[in-house]
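Colleague: Below you will find the structure I want to go over with you.
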Amino acid sequence: MTIVITLCLSFAIFALIIWGLMHMRTPRFRMERADFQRGLEDVIAGQADENEWRILTGYPMRHDPDLEQLRLECLQIEEDEYTGKQPYLFTEAGLHKLRDIRERLLALPLQEESE
């Protein structure tokens, strides 16, 4: 009798765990325009390190096509102008291009929050 109770209890716990895993959402990192702007400003000011730059440009931004385009342009600037040295991670020309991207970001119309 103890074996049957143990087996039923084990099956119930296992089924509950499986059900919970099936209904959990995967965590998502979503960078908004204000976060992207803050990150760009830190890079331009020489206050960001390489890790912060990787976070800024490392994740696709499918929720905002304009922001995704700017991210891709930042990656192109990285290919051409990245030095990786502190405090400024980019050459002077790269910093100028990043300032241009920041200005274009500020000129973008506000995006409606949709969820």
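In the structure tokens, the first chain shown is A, the next is B, and so on; residue numbers restart at 1 for each chain, and ligands run from 1 in the order shown.
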As a PyMOL selection string, please: every residue in chain A that a backbone DSSP assignment puts in alpha helix (DSSP H).

Modeller: chain A and resi 2-23+33-45+50-58+65-81+92-107

Colleague: Find the spatial neighbours of A:Thr57, counting only C-alpha atoms, within a cut-off of 9 Å - ignore same-chain residues fewer than 4 positions away - and output them as an NGL selection string.

Modeller: :A and (36 or 52-53 or 71-72 or 74-75)

Colleague: Let's have the selection written as an mmCIF file, in the first residue's frame, with N, CA and C atoms.

Modeller:
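New file out.cif:
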data_model
loop_
_atom_site.group_PDB
_atom_site.id
_atom_site.type_symbol
_atom_site.label_atom_id
_atom_site.label_comp_id
_atom_site.auth_asym_id
_atom_site.auth_seq_id
_atom_site.Cartn_x
_atom_site.Cartn_y
_atom_site.Cartn_z
ATOM 1 N N PHE A 36 18.539 52.638 -24.607
ATOM 2 C CA PHE A 36 19.518 52.703 -25.697
ATOM 3 C C PHE A 36 20.188 54.073 -25.713
ATOM 4 N N GLU A 52 29.286 46.942 -21.307
ATOM 5 C CA GLU A 52 28.091 47.759 -21.526
ATOM 6 C C GLU A 52 27.814 47.941 -23.012
ATOM 7 N N TRP A 53 28.872 48.081 -23.807
ATOM 8 C CA TRP A 53 28.688 48.200 -25.250
ATOM 9 C C TRP A 53 28.098 46.912 -25.818
ATOM 10 N N ARG A 71 20.817 50.130 -34.093
ATOM 11 C CA ARG A 71 21.708 49.122 -33.493
ATOM 12 C C ARG A 71 22.636 48.534 -34.547
ATOM 13 N N LEU A 72 22.070 48.240 -35.728
ATOM 14 C CA LEU A 72 22.891 47.688 -36.812
ATOM 15 C C LEU A 72 23.935 48.698 -37.284
ATOM 16 N N CYS A 74 25.278 50.943 -35.362
ATOM 17 C CA CYS A 74 26.291 50.934 -34.303
ATOM 18 C C CYS A 74 27.259 49.774 -34.486
ATOM 19 N N LEU A 75 26.747 48.633 -34.900
ATOM 20 C CA LEU A 75 27.628 47.488 -35.144
ATOM 21 C C LEU A 75 28.574 47.753 -36.305
#

Colleague: Rank A:Asp49, A:Gln69, A:Gly20, A:Arg25 by their smallest atom-to-atom distance to A:Phe90, using only C-alpha atoms, and report the top residue only.

Modeller: A:Asp49

Colleague: I need the residue nearest A:Gln37 from this list: A:Ile55, A:Ile101, A:Ala93, A:Ile13. Use only C-alpha atoms for the distance.

Modeller: A:Ile101

Colleague: Of the candidates A:Leu67, A:Lys97, A:Leu21, A:Gln47, which one gets nearest to A:Ala34 if we count only C-alpha atoms?

Modeller: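 Among A:Leu67, A:Lys97, A:Leu21, A:Gln47, it is A:Leu67 that comes nearest to A:Ala34.
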